[in-house]
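This is entry_39.cif. It holds mmCIF, C-alpha atoms.
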```
data_final
#
loop_
_atom_site.group_PDB
_atom_site.id
_atom_site.type_symbol
_atom_site.label_atom_id
_atom_site.label_comp_id
_atom_site.auth_asym_id
_atom_site.auth_seq_id
_atom_site.Cartn_x
_atom_site.Cartn_y
_atom_site.Cartn_z
ATOM 1 C CA GLN A 207 -18.525 -7.909 -14.049
ATOM 2 C CA VAL A 208 -17.698 -6.992 -10.473
ATOM 3 C CA HIS A 209 -18.780 -3.642 -9.081
ATOM 4 C CA LEU A 210 -17.127 -2.179 -6.009
ATOM 5 C CA VAL A 211 -18.780 0.524 -3.937
ATOM 6 C CA GLU A 212 -16.871 2.584 -1.369
ATOM 7 C CA SER A 213 -18.385 4.421 1.569
ATOM 8 C CA GLY A 214 -17.262 6.101 4.767
ATOM 9 C CA GLY A 215 -15.437 9.125 3.443
ATOM 10 C CA GLY A 216 -15.958 12.577 4.894
ATOM 11 C CA SER A 217 -14.333 15.566 6.511
ATOM 12 C CA VAL A 218 -12.317 15.310 9.699
ATOM 13 C CA GLN A 219 -9.805 17.377 11.605
ATOM 14 C CA ALA A 220 -6.163 16.403 11.772
ATOM 15 C CA GLY A 221 -5.613 13.646 14.300
ATOM 16 C CA GLY A 222 -9.055 12.205 13.707
ATOM 17 C CA SER A 223 -10.133 8.851 12.316
ATOM 18 C CA LEU A 224 -12.281 7.480 9.527
ATOM 19 C CA ARG A 225 -13.194 3.988 8.432
ATOM 20 C CA LEU A 226 -13.720 3.331 4.765
ATOM 21 C CA SER A 227 -15.699 0.366 3.489
ATOM 22 C CA CYS A 228 -15.797 -1.273 0.093
ATOM 23 C CA ALA A 229 -18.535 -3.730 -0.816
ATOM 24 C CA ALA A 230 -18.521 -6.055 -3.799
ATOM 25 C CA SER A 231 -21.667 -6.490 -5.870
ATOM 26 C CA VAL A 232 -21.007 -10.150 -6.628
ATOM 27 C CA ASN A 233 -20.822 -12.501 -3.656
ATOM 28 C CA THR A 234 -19.313 -15.285 -5.708
ATOM 29 C CA TYR A 235 -16.315 -13.239 -6.720
ATOM 30 C CA LYS A 236 -13.063 -14.569 -5.303
ATOM 31 C CA PRO A 237 -10.342 -11.941 -5.491
ATOM 32 C CA ASP A 238 -6.693 -12.790 -4.946
ATOM 33 C CA HIS A 239 -5.715 -9.369 -3.702
ATOM 34 C CA LEU A 240 -7.593 -6.263 -2.589
ATOM 35 C CA GLY A 241 -6.212 -2.779 -2.344
ATOM 36 C CA TRP A 242 -6.846 0.809 -1.387
ATOM 37 C CA PHE A 243 -5.544 3.672 -3.473
ATOM 38 C CA ARG A 244 -5.825 7.422 -3.266
ATOM 39 C CA GLN A 245 -5.473 10.360 -5.592
ATOM 40 C CA ALA A 246 -5.065 13.950 -4.521
ATOM 41 C CA PRO A 247 -5.756 16.843 -6.909
ATOM 42 C CA GLY A 248 -2.875 17.290 -9.332
ATOM 43 C CA LYS A 249 -1.164 14.092 -8.198
ATOM 44 C CA GLU A 250 -0.960 10.578 -9.531
ATOM 45 C CA ARG A 251 -2.944 7.758 -7.986
ATOM 46 C CA GLU A 252 -0.907 5.985 -5.336
ATOM 47 C CA GLY A 253 -1.269 2.681 -3.577
ATOM 48 C CA VAL A 254 -2.041 2.947 0.134
ATOM 49 C CA ALA A 255 -2.423 -0.649 1.251
ATOM 50 C CA TYR A 256 -3.281 -4.081 -0.029
ATOM 51 C CA ILE A 257 -4.158 -7.449 1.418
ATOM 52 C CA SER A 258 -3.633 -10.934 0.083
ATOM 53 C CA THR A 259 -6.856 -12.901 0.417
ATOM 54 C CA ARG A 260 -4.884 -16.162 0.405
ATOM 55 C CA SER A 261 -2.454 -15.376 3.192
ATOM 56 C CA GLY A 262 -4.322 -12.547 4.925
ATOM 57 C CA ARG A 263 -1.096 -10.561 5.016
ATOM 58 C CA ALA A 264 -1.332 -6.829 4.627
ATOM 59 C CA TYR A 265 1.168 -4.382 3.174
ATOM 60 C CA TYR A 266 1.286 -0.617 3.463
ATOM 61 C CA ALA A 267 2.836 2.374 1.795
ATOM 62 C CA ASP A 268 5.420 4.055 4.011
ATOM 63 C CA ALA A 269 3.292 7.206 4.233
ATOM 64 C CA VAL A 270 0.497 5.401 6.100
ATOM 65 C CA LYS A 271 2.327 2.618 7.910
ATOM 66 C CA GLY A 272 1.376 2.532 11.568
ATOM 67 C CA ARG A 273 -1.689 4.734 11.021
ATOM 68 C CA PHE A 274 -3.863 2.818 8.539
ATOM 69 C CA THR A 275 -5.132 -0.757 8.770
ATOM 70 C CA ILE A 276 -6.586 -2.747 5.908
ATOM 71 C CA SER A 277 -8.865 -5.682 6.662
ATOM 72 C CA GLN A 278 -11.475 -7.839 5.001
ATOM 73 C CA ASP A 279 -14.683 -9.521 6.025
ATOM 74 C CA ASN A 280 -15.072 -12.475 3.713
ATOM 75 C CA ALA A 281 -18.555 -13.292 4.955
ATOM 76 C CA LYS A 282 -19.765 -9.827 4.013
ATOM 77 C CA PHE A 283 -17.572 -9.496 0.904
ATOM 78 C CA THR A 284 -16.373 -6.204 2.322
ATOM 79 C CA LEU A 285 -12.979 -4.528 2.488
ATOM 80 C CA TYR A 286 -12.126 -1.925 5.117
ATOM 81 C CA LEU A 287 -9.540 0.759 5.658
ATOM 82 C CA GLN A 288 -9.257 2.085 9.194
ATOM 83 C CA MET A 289 -7.478 5.427 9.111
ATOM 84 C CA ASN A 290 -6.167 6.898 12.356
ATOM 85 C CA SER A 291 -4.072 9.963 13.138
ATOM 86 C CA LEU A 292 -5.161 11.527 9.892
ATOM 87 C CA GLU A 293 -3.074 14.340 8.456
ATOM 88 C CA PRO A 294 -3.960 17.043 5.918
ATOM 89 C CA GLU A 295 -1.668 15.225 3.487
ATOM 90 C CA ASP A 296 -4.101 12.305 3.564
ATOM 91 C CA THR A 297 -6.726 14.420 1.804
ATOM 92 C CA ALA A 298 -7.633 12.629 -1.430
ATOM 93 C CA MET A 299 -10.202 10.559 -3.252
ATOM 94 C CA TYR A 300 -9.872 7.000 -1.991
ATOM 95 C CA TYR A 301 -10.542 4.009 -4.207
ATOM 96 C CA CYS A 302 -10.798 0.316 -3.493
ATOM 97 C CA ALA A 303 -9.664 -2.206 -6.056
ATOM 98 C CA ALA A 304 -9.744 -5.957 -6.588
ATOM 99 C CA ASP A 305 -8.213 -8.563 -8.856
ATOM 100 C CA ASP A 306 -8.411 -12.336 -9.063
ATOM 101 C CA ARG A 307 -5.112 -12.993 -10.812
ATOM 102 C CA THR A 308 -2.693 -14.889 -8.578
ATOM 103 C CA TYR A 309 0.072 -12.442 -9.314
ATOM 104 C CA CYS A 310 0.498 -8.664 -9.348
ATOM 105 C CA PRO A 311 1.765 -7.050 -12.549
ATOM 106 C CA GLY A 312 4.411 -4.719 -11.284
ATOM 107 C CA ASN A 313 3.686 -4.891 -7.595
ATOM 108 C CA CYS A 314 0.527 -5.156 -5.579
ATOM 109 C CA LEU A 315 0.557 -1.461 -4.702
ATOM 110 C CA SER A 316 0.471 -0.435 -8.347
ATOM 111 C CA SER A 317 -2.705 0.363 -10.261
ATOM 112 C CA GLN A 318 -1.889 -2.142 -13.006
ATOM 113 C CA ALA A 319 -2.337 -4.988 -10.517
ATOM 114 C CA TYR A 320 -6.090 -4.348 -10.315
ATOM 115 C CA ARG A 321 -8.804 -4.683 -12.908
ATOM 116 C CA TYR A 322 -11.845 -3.793 -10.820
ATOM 117 C CA TRP A 323 -12.270 -0.396 -9.204
ATOM 118 C CA GLY A 324 -14.810 1.467 -7.144
ATOM 119 C CA GLN A 325 -16.004 4.988 -7.903
ATOM 120 C CA GLY A 326 -14.135 6.542 -4.989
ATOM 121 C CA THR A 327 -14.985 8.258 -1.723
ATOM 122 C CA GLN A 328 -13.607 11.654 -0.712
ATOM 123 C CA VAL A 329 -11.561 12.110 2.438
ATOM 124 C CA THR A 330 -10.765 15.647 3.552
ATOM 125 C CA VAL A 331 -8.531 16.350 6.541
ATOM 126 C CA SER A 332 -8.316 19.899 7.837
ATOM 127 C CA SER A 333 -5.533 21.277 9.992
#
```

Take the structure I supplied and represent it as structure tokens, if you would.
Amino acid sequence: QVHLVESGGGSVQAGGSLRLSCAASVNTYKPDHLGWFRQAPGKEREGVAYISTRSGRAYYADAVKGRFTISQDNAKFTLYLQMNSLEPEDTAMYYCAADDRTYCPGNCLSSQAYRYWGQGTQVTVSS
């Protein structure tokens, strides 16, 4: 069983930045794809970004493209999400996710593509 633990959330004013981290509990785990999701109160969970561990290519939801950057540190088994130019609409609980299947059911920005999830970290952006 793989446990993921997020950190780095907090409160920031609009235009500010935060960096989220996600650490895996098992250093022998080899995921195929890693993702960040978010869920705002009253809304469905949505994919924010994901990265292919094989190619290193990253993909982003349109809402965060150009502002967020997903990256991984394989040596530290850690996933990051650098969030710049934050907007109040970015306020949500952020979750990291991982899966070792070599394909994404649906697409890699959908929840069904991931079997392992963290507990979430809250990001609040005030105007």

Selection result for the PyMOL selection byres ((chain A and resi 313) around 12) on this file, as a compact mmCIF listing (two decimals) with C-alpha atoms, in the coordinates of the input:
```
# COMPACT_ATOMS: atom_id res chain seq x y z
CA HIS A 239 -5.72 -9.37 -3.70
CA GLY A 241 -6.21 -2.78 -2.34
CA GLY A 253 -1.27 2.68 -3.58
CA ALA A 255 -2.42 -0.65 1.25
CA TYR A 256 -3.28 -4.08 -0.03
CA TYR A 265 1.17 -4.38 3.17
CA ALA A 267 2.84 2.37 1.80
CA THR A 308 -2.69 -14.89 -8.58
CA TYR A 309 0.07 -12.44 -9.31
CA CYS A 310 0.50 -8.66 -9.35
CA PRO A 311 1.76 -7.05 -12.55
CA GLY A 312 4.41 -4.72 -11.28
CA CYS A 314 0.53 -5.16 -5.58
CA LEU A 315 0.56 -1.46 -4.70
CA SER A 316 0.47 -0.44 -8.35
CA SER A 317 -2.70 0.36 -10.26
CA GLN A 318 -1.89 -2.14 -13.01
CA ALA A 319 -2.34 -4.99 -10.52
CA TYR A 320 -6.09 -4.35 -10.32
```

Output check: residues returned by the PyMOL selection byres ((chain A and resi 279) around 12), as a PDB file with C-alpha atoms, in the frame of the given file:
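The new file expr.pdb reads:
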```
ATOM      1  CA  SER A 227     -15.699   0.366   3.489  1.00  0.00           C
ATOM      2  CA  CYS A 228     -15.797  -1.273   0.093  1.00  0.00           C
ATOM      3  CA  ALA A 229     -18.535  -3.730  -0.816  1.00  0.00           C
ATOM      4  CA  ALA A 230     -18.521  -6.055  -3.799  1.00  0.00           C
ATOM      5  CA  ASN A 233     -20.822 -12.501  -3.656  1.00  0.00           C
ATOM      6  CA  LEU A 240      -7.593  -6.263  -2.589  1.00  0.00           C
ATOM      7  CA  ILE A 257      -4.158  -7.449   1.418  1.00  0.00           C
ATOM      8  CA  THR A 259      -6.856 -12.901   0.417  1.00  0.00           C
ATOM      9  CA  GLY A 262      -4.322 -12.547   4.925  1.00  0.00           C
ATOM     10  CA  ILE A 276      -6.586  -2.747   5.908  1.00  0.00           C
ATOM     11  CA  SER A 277      -8.865  -5.682   6.662  1.00  0.00           C
ATOM     12  CA  GLN A 278     -11.475  -7.839   5.001  1.00  0.00           C
ATOM     13  CA  ASN A 280     -15.072 -12.475   3.713  1.00  0.00           C
ATOM     14  CA  ALA A 281     -18.555 -13.292   4.955  1.00  0.00           C
ATOM     15  CA  LYS A 282     -19.765  -9.827   4.013  1.00  0.00           C
ATOM     16  CA  PHE A 283     -17.572  -9.496   0.904  1.00  0.00           C
ATOM     17  CA  THR A 284     -16.373  -6.204   2.322  1.00  0.00           C
ATOM     18  CA  LEU A 285     -12.979  -4.528   2.488  1.00  0.00           C
ATOM     19  CA  TYR A 286     -12.126  -1.925   5.117  1.00  0.00           C
ATOM     20  CA  LEU A 287      -9.540   0.759   5.658  1.00  0.00           C
TER      21      LEU A 287
END
```

Notebook entry, point to check: So how far away is atom CA of A:Arg225 from atom CA of A:Cys302, in Å?
Noted result: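 One can read the atom CA of A:Cys302 to atom CA of A:Arg225 distance as 12.7 Å.
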
Item checked: Hits of the PyMOL selection byres ((chain A and resi 210-212) around 9) in this structure, as number ranges by chain -> A: 208-209, 213-215, 226-232, 285, 300-304, 322-327

Next item on the list: Would you work out the distance separating atom CA of A:Asn290 from atom CA of A:Gly221, expressed in Å to one decimal?
Entry: 7.0 Å

Note to self: Between atom CA of A:Leu292 and atom CA of A:Thr275, what is the distance in Å, rounded to a tenth?
What the structure shows: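 These atoms are spaced 12.3 Å apart.
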